[in-house]
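J.: Contents of model_7.cif (mmCIF, C-alpha atoms):
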data_data
#
loop_
_atom_site.label_atom_id
_atom_site.label_comp_id
_atom_site.auth_asym_id
_atom_site.auth_seq_id
_atom_site.Cartn_x
_atom_site.Cartn_y
_atom_site.Cartn_z
CA MET A 1 8.01 18.75 11.87
CA ASN A 2 4.80 19.98 10.25
CA PHE A 3 2.26 17.75 8.49
CA HIS A 4 3.33 18.52 4.93
CA LEU A 5 6.98 17.79 5.57
CA SER A 6 6.24 14.58 7.46
CA ALA A 7 3.87 13.45 4.69
CA ALA A 8 6.51 14.17 2.02
CA VAL A 9 9.19 12.27 3.92
CA SER A 10 6.84 9.33 4.60
CA ILE A 11 5.74 9.07 0.97
CA GLY A 12 9.36 9.30 -0.20
CA LEU A 13 10.50 6.52 2.11
CA LEU A 14 7.53 4.35 1.18
CA ALA A 15 8.32 4.86 -2.51
CA VAL A 16 11.94 3.77 -2.00
CA VAL A 17 10.94 0.64 -0.08
CA TRP A 18 8.10 -0.19 -2.48
CA THR A 19 10.35 0.17 -5.53
CA ALA A 20 13.09 -1.96 -3.99
CA VAL A 21 10.66 -4.72 -2.99
CA SER A 22 8.92 -4.59 -6.37
CA HIS A 23 12.22 -4.91 -8.19
CA HIS A 24 13.29 -7.77 -5.92
CA ILE A 25 10.15 -9.85 -6.56
CA GLY A 26 10.11 -9.29 -10.30
CA GLY A 27 8.16 -6.05 -10.79
CA TYR A 28 4.72 -7.33 -9.82
CA LEU A 29 3.94 -4.31 -7.64
CA ILE A 30 3.05 -1.24 -9.67
CA THR A 31 4.96 1.68 -8.17
CA TRP A 32 2.99 4.57 -9.65
CA VAL A 33 -0.32 3.09 -8.43
CA ALA A 34 1.06 2.82 -4.91
CA PHE A 35 2.39 6.38 -5.06
CA PHE A 36 -1.02 7.80 -6.00
CA SER A 37 -2.68 5.71 -3.30
CA TRP A 38 -0.33 7.05 -0.62
CA ALA A 39 -0.78 10.59 -1.91
CA SER A 40 -4.58 10.33 -1.72
CA PHE A 41 -4.34 8.82 1.78
CA PHE A 42 -2.29 11.76 3.05
CA ALA A 43 -4.31 14.35 1.07
CA VAL A 44 -7.51 13.32 2.85
CA GLY A 45 -5.79 13.65 6.20
CA GLY A 46 -4.31 10.25 6.95
CA LYS A 47 -5.33 8.00 9.84
CA GLY A 48 -8.63 6.10 9.62
CA LYS A 49 -10.43 8.75 7.60
CA GLY A 50 -7.66 8.82 5.00
CA PHE A 51 -7.66 5.05 4.75
CA ILE A 52 -11.42 4.81 4.16
CA GLU A 53 -11.94 7.83 1.91
CA GLY A 54 -8.68 7.41 0.01
CA GLY A 55 -9.29 3.69 -0.44
CA LEU A 56 -12.83 4.22 -1.70
CA SER A 57 -11.76 6.87 -4.18
CA ASN A 58 -8.93 4.64 -5.40
CA LEU A 59 -11.29 1.68 -5.86
CA ILE A 60 -13.81 3.78 -7.75
CA GLY A 61 -11.05 5.20 -9.95
CA ALA A 62 -9.60 1.74 -10.61
CA GLY A 63 -12.87 0.45 -12.06
#
Please re-express this file's structure in structure tokens.
T.:
Amino acid sequence: MNFHLSAAVSIGLLAVVWTAVSHHIGGYLITWVAFFSWASFFAVGGKGKGFIEGGLSNLIGAG
């Protein structure tokens, strides 16, 4: 399985779980924000680098 396919499957599964959990606890988790965060994590390359660079860009964009 190549990187793009594994990233797409991972993001899809995360979105399903996130949406189900959010719905179960009353909608306090914003699904579209999580989706963009996961997408930026995988776009930067994942792993530690993706966590740091994706997280920083998401924090800067959230302000």
J.: Would you compute the distance between atom CA of Gly46 of chain A and atom CA of Ala7 of chain A? Give it in Å to one decimal.
T.: 9.1 Å
J.: May I ask which of the residues A:Trp18, A:Trp32, A:Phe42, A:Phe51 is the closest one to Ser6 of chain A, counting only C-alpha atoms?
T.: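 The answer is A:Phe42, which sits nearest to Ser6 of chain A.
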J.: Name the residues captured by the PyMOL selection byres ((chain A and resi 14-17) around 12) when it is applied to the shown file; answer as number ranges by chain.
T.: A: 7-13, 18-24, 29-39
J.: Take the residues that were just selected and, keeping C-alpha atoms, output them as a PDB file, in the frame of the given file.
T.:
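Generated output (again_12.pdb):
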ATOM      1  CA  ALA A   7       3.870  13.450   4.690  1.00  0.00           C
ATOM      2  CA  ALA A   8       6.510  14.170   2.020  1.00  0.00           C
ATOM      3  CA  VAL A   9       9.190  12.270   3.920  1.00  0.00           C
ATOM      4  CA  SER A  10       6.840   9.330   4.600  1.00  0.00           C
ATOM      5  CA  ILE A  11       5.740   9.070   0.970  1.00  0.00           C
ATOM      6  CA  GLY A  12       9.360   9.300  -0.200  1.00  0.00           C
ATOM      7  CA  LEU A  13      10.500   6.520   2.110  1.00  0.00           C
ATOM      8  CA  TRP A  18       8.100  -0.190  -2.480  1.00  0.00           C
ATOM      9  CA  THR A  19      10.350   0.170  -5.530  1.00  0.00           C
ATOM     10  CA  ALA A  20      13.090  -1.960  -3.990  1.00  0.00           C
ATOM     11  CA  VAL A  21      10.660  -4.720  -2.990  1.00  0.00           C
ATOM     12  CA  SER A  22       8.920  -4.590  -6.370  1.00  0.00           C
ATOM     13  CA  HIS A  23      12.220  -4.910  -8.190  1.00  0.00           C
ATOM     14  CA  HIS A  24      13.290  -7.770  -5.920  1.00  0.00           C
ATOM     15  CA  LEU A  29       3.940  -4.310  -7.640  1.00  0.00           C
ATOM     16  CA  ILE A  30       3.050  -1.240  -9.670  1.00  0.00           C
ATOM     17  CA  THR A  31       4.960   1.680  -8.170  1.00  0.00           C
ATOM     18  CA  TRP A  32       2.990   4.570  -9.650  1.00  0.00           C
ATOM     19  CA  VAL A  33      -0.320   3.090  -8.430  1.00  0.00           C
ATOM     20  CA  ALA A  34       1.060   2.820  -4.910  1.00  0.00           C
ATOM     21  CA  PHE A  35       2.390   6.380  -5.060  1.00  0.00           C
ATOM     22  CA  PHE A  36      -1.020   7.800  -6.000  1.00  0.00           C
ATOM     23  CA  SER A  37      -2.680   5.710  -3.300  1.00  0.00           C
ATOM     24  CA  TRP A  38      -0.330   7.050  -0.620  1.00  0.00           C
ATOM     25  CA  ALA A  39      -0.780  10.590  -1.910  1.00  0.00           C
TER      26      ALA A  39
END
J.: Separation of atom CA of Ser40 of chain A and atom CA of Gly61 of chain A, in Å?
T.: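 Separating atom CA of Ser40 of chain A from atom CA of Gly61 of chain A is a distance of 11.7 Å.
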J.: What would segment 26-50 of chain A look like with N, CA and C atoms restored, written as a short mmCIF file (atom, residue, chain, number, x, y, z; two decimals), in the frame of the given file?
T.:
data_model
loop_
_atom_site.label_atom_id
_atom_site.label_comp_id
_atom_site.auth_asym_id
_atom_site.auth_seq_id
_atom_site.Cartn_x
_atom_site.Cartn_y
_atom_site.Cartn_z
N GLY A 26 10.34 -9.16 -8.87
CA GLY A 26 10.11 -9.29 -10.30
C GLY A 26 9.21 -8.23 -10.91
N GLY A 27 8.95 -7.14 -10.22
CA GLY A 27 8.16 -6.05 -10.79
C GLY A 27 6.66 -6.25 -10.77
N TYR A 28 6.15 -7.07 -9.86
CA TYR A 28 4.72 -7.33 -9.82
C TYR A 28 3.93 -6.25 -9.10
N LEU A 29 4.60 -5.41 -8.33
CA LEU A 29 3.94 -4.31 -7.64
C LEU A 29 4.10 -3.05 -8.48
N ILE A 30 3.01 -2.41 -8.80
CA ILE A 30 3.05 -1.24 -9.67
C ILE A 30 3.33 0.00 -8.83
N THR A 31 4.49 0.59 -9.03
CA THR A 31 4.96 1.68 -8.17
C THR A 31 4.11 2.93 -8.30
N TRP A 32 3.73 3.33 -9.50
CA TRP A 32 2.99 4.57 -9.65
C TRP A 32 1.60 4.46 -9.05
N VAL A 33 0.99 3.28 -9.06
CA VAL A 33 -0.32 3.09 -8.43
C VAL A 33 -0.19 3.26 -6.92
N ALA A 34 0.83 2.68 -6.34
CA ALA A 34 1.06 2.82 -4.91
C ALA A 34 1.32 4.27 -4.53
N PHE A 35 2.08 4.98 -5.35
CA PHE A 35 2.39 6.38 -5.06
C PHE A 35 1.11 7.21 -5.03
N PHE A 36 0.24 7.05 -5.99
CA PHE A 36 -1.02 7.80 -6.00
C PHE A 36 -1.92 7.40 -4.84
N SER A 37 -1.89 6.15 -4.45
CA SER A 37 -2.68 5.71 -3.30
C SER A 37 -2.19 6.36 -2.02
N TRP A 38 -0.87 6.39 -1.82
CA TRP A 38 -0.33 7.05 -0.62
C TRP A 38 -0.63 8.54 -0.65
N ALA A 39 -0.52 9.15 -1.81
CA ALA A 39 -0.78 10.59 -1.91
C ALA A 39 -2.23 10.90 -1.56
N SER A 40 -3.17 10.08 -2.04
CA SER A 40 -4.58 10.33 -1.72
C SER A 40 -4.85 10.07 -0.24
N PHE A 41 -4.19 9.09 0.35
CA PHE A 41 -4.34 8.82 1.78
C PHE A 41 -3.93 10.05 2.60
N PHE A 42 -2.77 10.60 2.30
CA PHE A 42 -2.29 11.76 3.05
C PHE A 42 -3.07 13.03 2.70
N ALA A 43 -3.56 13.16 1.47
CA ALA A 43 -4.31 14.35 1.07
C ALA A 43 -5.63 14.45 1.82
N VAL A 44 -6.24 13.31 2.12
CA VAL A 44 -7.51 13.32 2.85
C VAL A 44 -7.28 13.57 4.34
N GLY A 45 -6.09 13.36 4.81
CA GLY A 45 -5.79 13.65 6.20
C GLY A 45 -5.14 12.52 6.95
N GLY A 46 -4.95 11.39 6.30
CA GLY A 46 -4.31 10.25 6.95
C GLY A 46 -5.22 9.57 7.96
N LYS A 47 -4.65 8.75 8.78
CA LYS A 47 -5.33 8.00 9.84
C LYS A 47 -6.47 7.18 9.27
N GLY A 48 -7.51 6.94 10.05
CA GLY A 48 -8.63 6.10 9.62
C GLY A 48 -9.44 6.73 8.50
N LYS A 49 -9.67 8.04 8.62
CA LYS A 49 -10.43 8.75 7.60
C LYS A 49 -9.74 8.68 6.24
N GLY A 50 -8.43 8.88 6.25
CA GLY A 50 -7.66 8.82 5.00
C GLY A 50 -7.68 7.44 4.39
#
